[in-house]
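Enquirer: Before I ask anything, here is the structure I am working with.
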Amino acid sequence: MADKRSNRYEAILEHVFFDNYEQGNDEVNFERDDLVKAASSLNIDLPKNLGDVIYSTRYRTSLPSSICELAPEGKEWIIRGRGRAKYAFCLAGTFRIKPNEMLLTTKIPDATPEIIRAAAQTDEQALLAVIRYNRLIDIFLGVAAYSLQNHLRTTVEEIGQVEIDEIYVAVDSAGQQYIIPVQAKGHNDEIGVTQPEQDLAVCSSKWPSFTSRSIAVQFMDDGVVALFLLVMNDGEIRVAKEAHYELVPYAEITDEDRSLYRQAENI
């Protein structure tokens, strides 16, 4: 079923792209209705959740190879929002946000209630709960952070509808105030560059007096949690900071671990 869905999505997006593409374009604009027209032209059953065509391609699968092949070296096609029900295939730098396997993993005493772990039905739910109960945003950024809202849905004029997994507010020791959008991904989903772009745009629009800090979090193997601080640099999203945390019973944190962390802190 997943392969059929993926093939259907690829066929629709391929049709929309080449219906609007001209040689030399670095942006190919289209609208939500173009997905409907493409499905009709191809005699493909329209997906019940039309938005999943865009979402799936952004975070779970790649664009069709026929589109990818048109990207020059060092570039790739991605999909960005361009307003309400409007989108664009855009050329962007080739960049993947993936955990650095060589990075030191820090053990943190696990404060997650067992009932929360038992009840969480998705990787995303579990991950957001783990982040919240273990105050990993505080530890990662060195601030006092507080969850403001889950699954915030809003719109930004130039982008369209945006959904943010969780929003935190925070303050540091100097009194600086922060607004922190968090993007959570399970083991199999890719952290997309368009989500932090949108998150930062929402923060600038809705909370202009706060300093924005975009965070992405992802489960790694064995339940290790990777956190990324993402910033905009020359029009592209880049990783400014990364850390890995393993949540364990307190008794599993040894004197050897503590000695290692002291060494790392002094580097």
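Order determines the names: the first chain of the structure tokens is A, the second B, and so forth; residues in each chain are numbered 1 upward, and ligands are numbered 1 upward as they are shown.
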Could you pull the residues within 12 Å of Gly235 (chain A), counting only C-alpha atoms, minus those fewer than 2 positions along the same chain, as a list in words?

Expert: Leu91, Ala92, Gly93, Val193, Thr194, Glu197, Val231, Met232, Asn233, Ile237 and Arg238 of chain A

Enquirer: Next, the residues of the selection above should be written as a compact mmCIF listing (two decimals), in the first residue's frame with N, CA and C atoms.

Expert:
```txt
# COMPACT_ATOMS: atom_id res chain seq x y z
N LEU A 91 15.01 25.33 -6.31
CA LEU A 91 16.37 24.82 -6.25
C LEU A 91 17.03 25.32 -4.97
N ALA A 92 17.61 24.41 -4.21
CA ALA A 92 18.29 24.77 -2.96
C ALA A 92 19.57 23.97 -2.87
N GLY A 93 20.47 24.40 -1.97
CA GLY A 93 21.72 23.68 -1.78
C GLY A 93 21.47 22.27 -1.26
N VAL A 193 14.57 20.87 5.57
CA VAL A 193 15.04 22.25 5.74
C VAL A 193 13.90 23.25 5.61
N THR A 194 12.80 22.86 4.95
CA THR A 194 11.71 23.82 4.77
C THR A 194 10.96 24.07 6.08
N GLU A 197 12.69 26.77 8.12
CA GLU A 197 12.48 28.03 7.40
C GLU A 197 11.11 28.61 7.75
N VAL A 231 19.97 27.42 12.11
CA VAL A 231 19.99 28.85 11.83
C VAL A 231 19.96 29.08 10.33
N MET A 232 19.56 30.28 9.95
CA MET A 232 19.57 30.68 8.54
C MET A 232 20.89 31.36 8.25
N ASN A 233 21.61 30.85 7.23
CA ASN A 233 22.90 31.40 6.85
C ASN A 233 22.96 31.53 5.33
N ILE A 237 19.38 26.89 5.52
CA ILE A 237 19.37 26.39 6.89
C ILE A 237 20.66 25.60 7.15
N ARG A 238 21.29 25.89 8.30
CA ARG A 238 22.51 25.19 8.69
C ARG A 238 22.41 24.77 10.17
```

Enquirer: Quick one: residues within 9 Å of Glu10 (chain A), only C-alpha atoms, excluding same-chain residues fewer than 6 positions away - as a list in words?

Expert: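 Selected residues are Val53, Thr57, Ser62, Leu63 and Pro64 of chain A.
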
Enquirer: Let's have the selection written as a PDB file, in the first residue's frame, with C-alpha atoms.

Expert:
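Result went into again-v4.pdb, see below:
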```pdb
ATOM      1  CA  VAL A  53       1.158  14.615  -1.263  1.00  0.00           C
ATOM      2  CA  THR A  57       7.535  14.380  -0.325  1.00  0.00           C
ATOM      3  CA  SER A  62      12.247  12.010  -2.598  1.00  0.00           C
ATOM      4  CA  LEU A  63      10.915  13.822  -5.620  1.00  0.00           C
ATOM      5  CA  PRO A  64      10.708  11.753  -8.823  1.00  0.00           C
TER       6      PRO A  64
END
```

Enquirer: Write out as a list in words which residues come within 10 Å of Gly223 (chain A) when counting only C-alpha atoms, dropping same-chain ones fewer than 6 positions away.

Expert: Leu127, His187, Tyr245, Glu246, Leu247 and Val248 of chain A

Enquirer: Grab the residues selected above and save them as a short mmCIF file (atom, residue, chain, number, x, y, z; two decimals), in the first residue's frame with all heavy atoms.

Expert:
```
data_model
loop_
_atom_site.label_atom_id
_atom_site.label_comp_id
_atom_site.auth_asym_id
_atom_site.auth_seq_id
_atom_site.Cartn_x
_atom_site.Cartn_y
_atom_site.Cartn_z
N LEU A 127 8.52 11.43 21.45
CA LEU A 127 9.69 12.30 21.43
C LEU A 127 9.39 13.66 22.06
O LEU A 127 10.18 14.16 22.86
CB LEU A 127 10.16 12.48 19.98
CG LEU A 127 11.45 13.27 19.74
CD1 LEU A 127 12.59 12.75 20.60
CD2 LEU A 127 11.82 13.21 18.27
N HIS A 187 12.34 7.84 13.82
CA HIS A 187 13.52 7.21 13.24
C HIS A 187 13.54 7.29 11.72
O HIS A 187 14.59 7.51 11.11
CB HIS A 187 13.58 5.73 13.64
CG HIS A 187 13.68 5.49 15.12
ND1 HIS A 187 12.59 5.54 15.95
CD2 HIS A 187 14.75 5.20 15.90
CE1 HIS A 187 12.98 5.28 17.19
NE2 HIS A 187 14.28 5.07 17.19
N TYR A 245 21.53 12.90 23.58
CA TYR A 245 21.25 12.56 24.97
C TYR A 245 20.62 11.17 25.06
O TYR A 245 19.73 10.83 24.29
CB TYR A 245 20.29 13.59 25.58
CG TYR A 245 20.84 15.01 25.58
CD1 TYR A 245 20.32 15.98 24.72
CD2 TYR A 245 21.89 15.36 26.42
CE1 TYR A 245 20.84 17.27 24.71
CE2 TYR A 245 22.41 16.65 26.42
CZ TYR A 245 21.88 17.59 25.56
OH TYR A 245 22.40 18.86 25.54
N GLU A 246 21.09 10.39 26.02
CA GLU A 246 20.52 9.08 26.31
C GLU A 246 19.87 9.13 27.68
O GLU A 246 20.53 9.47 28.67
CB GLU A 246 21.60 8.00 26.28
CG GLU A 246 21.05 6.60 26.54
CD GLU A 246 22.13 5.53 26.56
OE1 GLU A 246 23.34 5.89 26.50
OE2 GLU A 246 21.78 4.34 26.65
N LEU A 247 18.60 8.82 27.74
CA LEU A 247 17.85 8.88 28.99
C LEU A 247 17.93 7.52 29.68
O LEU A 247 17.48 6.51 29.13
CB LEU A 247 16.40 9.27 28.72
CG LEU A 247 16.26 10.61 27.97
CD1 LEU A 247 14.82 10.83 27.53
CD2 LEU A 247 16.75 11.76 28.83
N VAL A 248 18.50 7.51 30.88
CA VAL A 248 18.77 6.25 31.58
C VAL A 248 18.40 6.39 33.05
O VAL A 248 18.29 7.51 33.58
CB VAL A 248 20.26 5.87 31.46
CG1 VAL A 248 20.67 5.68 30.00
CG2 VAL A 248 21.15 6.91 32.14
#
```

Enquirer: Run DSSP on the backbone of this structure and report the residues of region 110-246 of chain A it assigns to strand (DSSP E or B), as a VMD selection string.

Expert: chain A and resid 144 to 156 160 to 171 177 to 185 191 211 to 212 214 to 219 225 to 233 236 to 246

Enquirer: Name all residues at most 12 Å from Gln125 (chain A) (count only C-alpha atoms; drop same-chain ones fewer than 5 positions away) and give them as a PyMOL selection string.

Expert: chain A and resi 116-120+130-132+150-151+165-166+183-186+217-219

Enquirer: Please identify the helix (DSSP H, G or I) residues within region 2-247 of chain A (assignment by DSSP from backbone atoms) and present them as a ChimeraX atom specification.

Expert: /A:2-20,32-41,51-59,65-68,114-119,123-133,136-141,194-206,221-223

Enquirer: Find the spatial neighbours of Asp33 (chain A), counting only C-alpha atoms, within a cut-off of 12 Å - ignore same-chain residues fewer than 2 positions away - and output them as a list in words.

Expert: Ile12, Val16, Phe30, Glu31, Leu35, Val36, Lys37, Ala38, Ala39, Ser40, Leu46, Leu50, Gly51, Arg84, Ala85, Lys86 and Tyr87 of chain A

Enquirer: Would you write out those residues with N, CA, C and O atoms, as a compact mmCIF listing (two decimals), in the first residue's frame?

Expert:
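As written to disk, part_25.txt reads:
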```txt
# COMPACT_ATOMS: atom_id res chain seq x y z
N ILE A 12 1.71 12.36 -9.66
CA ILE A 12 1.00 13.64 -9.60
C ILE A 12 1.99 14.80 -9.61
O ILE A 12 1.85 15.76 -10.37
N VAL A 16 2.63 17.81 -12.41
CA VAL A 16 2.52 19.23 -12.07
C VAL A 16 3.82 19.96 -12.40
O VAL A 16 3.80 21.06 -12.97
N PHE A 30 3.21 26.40 -8.39
CA PHE A 30 1.96 25.67 -8.65
C PHE A 30 1.02 25.89 -7.49
O PHE A 30 1.40 26.42 -6.44
N GLU A 31 -0.23 25.48 -7.68
CA GLU A 31 -1.26 25.65 -6.65
C GLU A 31 -1.86 24.30 -6.29
O GLU A 31 -1.69 23.31 -7.02
N LEU A 35 -2.77 19.91 -8.25
CA LEU A 35 -2.68 18.50 -7.86
C LEU A 35 -3.95 17.75 -8.25
O LEU A 35 -3.91 16.60 -8.72
N VAL A 36 -5.08 18.42 -8.08
CA VAL A 36 -6.38 17.84 -8.45
C VAL A 36 -6.44 17.62 -9.96
O VAL A 36 -6.84 16.56 -10.45
N LYS A 37 -6.01 18.64 -10.72
CA LYS A 37 -6.04 18.54 -12.19
C LYS A 37 -5.11 17.43 -12.69
O LYS A 37 -5.43 16.71 -13.62
N ALA A 38 -3.95 17.31 -12.03
CA ALA A 38 -2.99 16.28 -12.44
C ALA A 38 -3.56 14.89 -12.20
O ALA A 38 -3.43 14.00 -13.06
N ALA A 39 -4.18 14.69 -11.05
CA ALA A 39 -4.77 13.39 -10.75
C ALA A 39 -5.85 13.04 -11.76
O ALA A 39 -5.96 11.89 -12.21
N SER A 40 -6.65 14.04 -12.15
CA SER A 40 -7.71 13.82 -13.13
C SER A 40 -7.12 13.47 -14.50
O SER A 40 -7.58 12.53 -15.16
N LEU A 46 -7.91 10.57 -6.51
CA LEU A 46 -7.40 11.69 -5.72
C LEU A 46 -7.19 11.24 -4.27
O LEU A 46 -8.08 10.63 -3.67
N LEU A 50 -5.19 15.46 0.56
CA LEU A 50 -4.42 16.04 -0.53
C LEU A 50 -3.11 16.64 -0.03
O LEU A 50 -2.08 16.60 -0.71
N GLY A 51 -3.13 17.19 1.18
CA GLY A 51 -1.93 17.80 1.72
C GLY A 51 -0.81 16.79 1.95
O GLY A 51 0.37 17.17 2.00
N ARG A 84 -1.26 30.91 0.69
CA ARG A 84 -2.38 29.99 0.96
C ARG A 84 -2.65 29.12 -0.27
O ARG A 84 -2.96 29.62 -1.35
N ALA A 85 -2.49 27.80 -0.11
CA ALA A 85 -2.70 26.81 -1.17
C ALA A 85 -1.78 27.03 -2.36
O ALA A 85 -2.09 26.61 -3.48
N LYS A 86 -0.65 27.69 -2.13
CA LYS A 86 0.31 27.93 -3.21
C LYS A 86 1.67 27.36 -2.79
O LYS A 86 2.07 27.44 -1.64
N TYR A 87 2.39 26.79 -3.78
CA TYR A 87 3.66 26.14 -3.51
C TYR A 87 4.63 26.43 -4.65
O TYR A 87 4.26 27.01 -5.68
```

Enquirer: Using only C-alpha atoms, which protein or nucleic acid residues come within 8 Å of Ala240 (chain A)? Drop anything in the same chain fewer than 5 positions from it, and give the result as an mmCIF file with C-alpha atoms, in the first residue's frame.

Expert:
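Okay, part.cif is ready:
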```
data_model
loop_
_atom_site.group_PDB
_atom_site.id
_atom_site.type_symbol
_atom_site.label_atom_id
_atom_site.label_comp_id
_atom_site.auth_asym_id
_atom_site.auth_seq_id
_atom_site.Cartn_x
_atom_site.Cartn_y
_atom_site.Cartn_z
ATOM 1 C CA PHE A 228 19.882 20.382 16.500
ATOM 2 C CA LEU A 229 19.976 24.176 16.700
ATOM 3 C CA LEU A 230 19.199 25.399 13.181
ATOM 4 C CA VAL A 231 19.995 28.852 11.832
#
```

Enquirer: Show which residues sit within 10 Å of region 249-265 of chain A, as a ChimeraX atom specification. Count only C-alpha atoms, and ignore same-chain residues fewer than 2 positions away.

Expert: /A:104-111,246-247,267

Enquirer: Those residues you just picked out, can you put them in a file as a JSON list (two decimals), in the first residue's frame with C-alpha atoms?

Expert:
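Done, and the output landed in out_34.json:
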```json
[["chain", "number", "residue", "atom", "x", "y", "z"],
["A", 104, "LEU", "CA", 29.52, 12.06, 22.17],
["A", 105, "THR", "CA", 26.27, 10.83, 23.76],
["A", 106, "THR", "CA", 25.49, 12.31, 27.18],
["A", 107, "LYS", "CA", 23.51, 10.27, 29.71],
["A", 108, "ILE", "CA", 20.67, 12.12, 31.43],
["A", 109, "PRO", "CA", 18.59, 10.76, 34.36],
["A", 110, "ASP", "CA", 15.28, 9.75, 32.80],
["A", 111, "ALA", "CA", 12.37, 11.75, 34.24],
["A", 246, "GLU", "CA", 20.52, 9.08, 26.31],
["A", 247, "LEU", "CA", 17.85, 8.88, 28.99],
["A", 267, "ILE", "CA", 37.58, 21.47, 25.70]]
```

Enquirer: Report, in Å with one decimal, the straight-line distance from CA of Gly81 (chain A) to CA of Val156 (chain A).

Expert: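 Separation of CA of Gly81 (chain A) and CA of Val156 (chain A): 9.5 Å.
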
Enquirer: So, counting only C-alpha atoms, which residue among A:Met220, A:Leu200, A:Ile215, A:Ala170 is closest to Ser147 (chain A)?

Expert: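 Residue with the minimum atom-to-atom distance to Ser147 (chain A): A:Ala170.
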
Enquirer: Which distance in Å separates CA of Lys241 (chain A) and CA of Val169 (chain A), to one decimal?

Expert: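 Computing the Euclidean distance for CA of Lys241 (chain A) and CA of Val169 (chain A) yields 19.0 Å.
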
Enquirer: Between CA of Ile54 (chain A) and CA of Leu227 (chain A), what is the distance, to one decimal in Å?

Expert: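 Computing it gives 24.9 Å between the two atoms.
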
Enquirer: Of the candidates A:Cys203, A:Ala243, A:Val171, A:Cys68, which one gets nearest to Val143 (chain A) if we count only C-alpha atoms?

Expert: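 Under the stated criterion, the closest residue is A:Val171.
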
Enquirer: Given only C-alpha atoms as the basis, pick out the residue of A:Ser204, A:Asn49, A:Asn7, A:Ser41 nearest to Pro181 (chain A).

Expert: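 Ranked by minimum distance to Pro181 (chain A), first place goes to A:Ser204.
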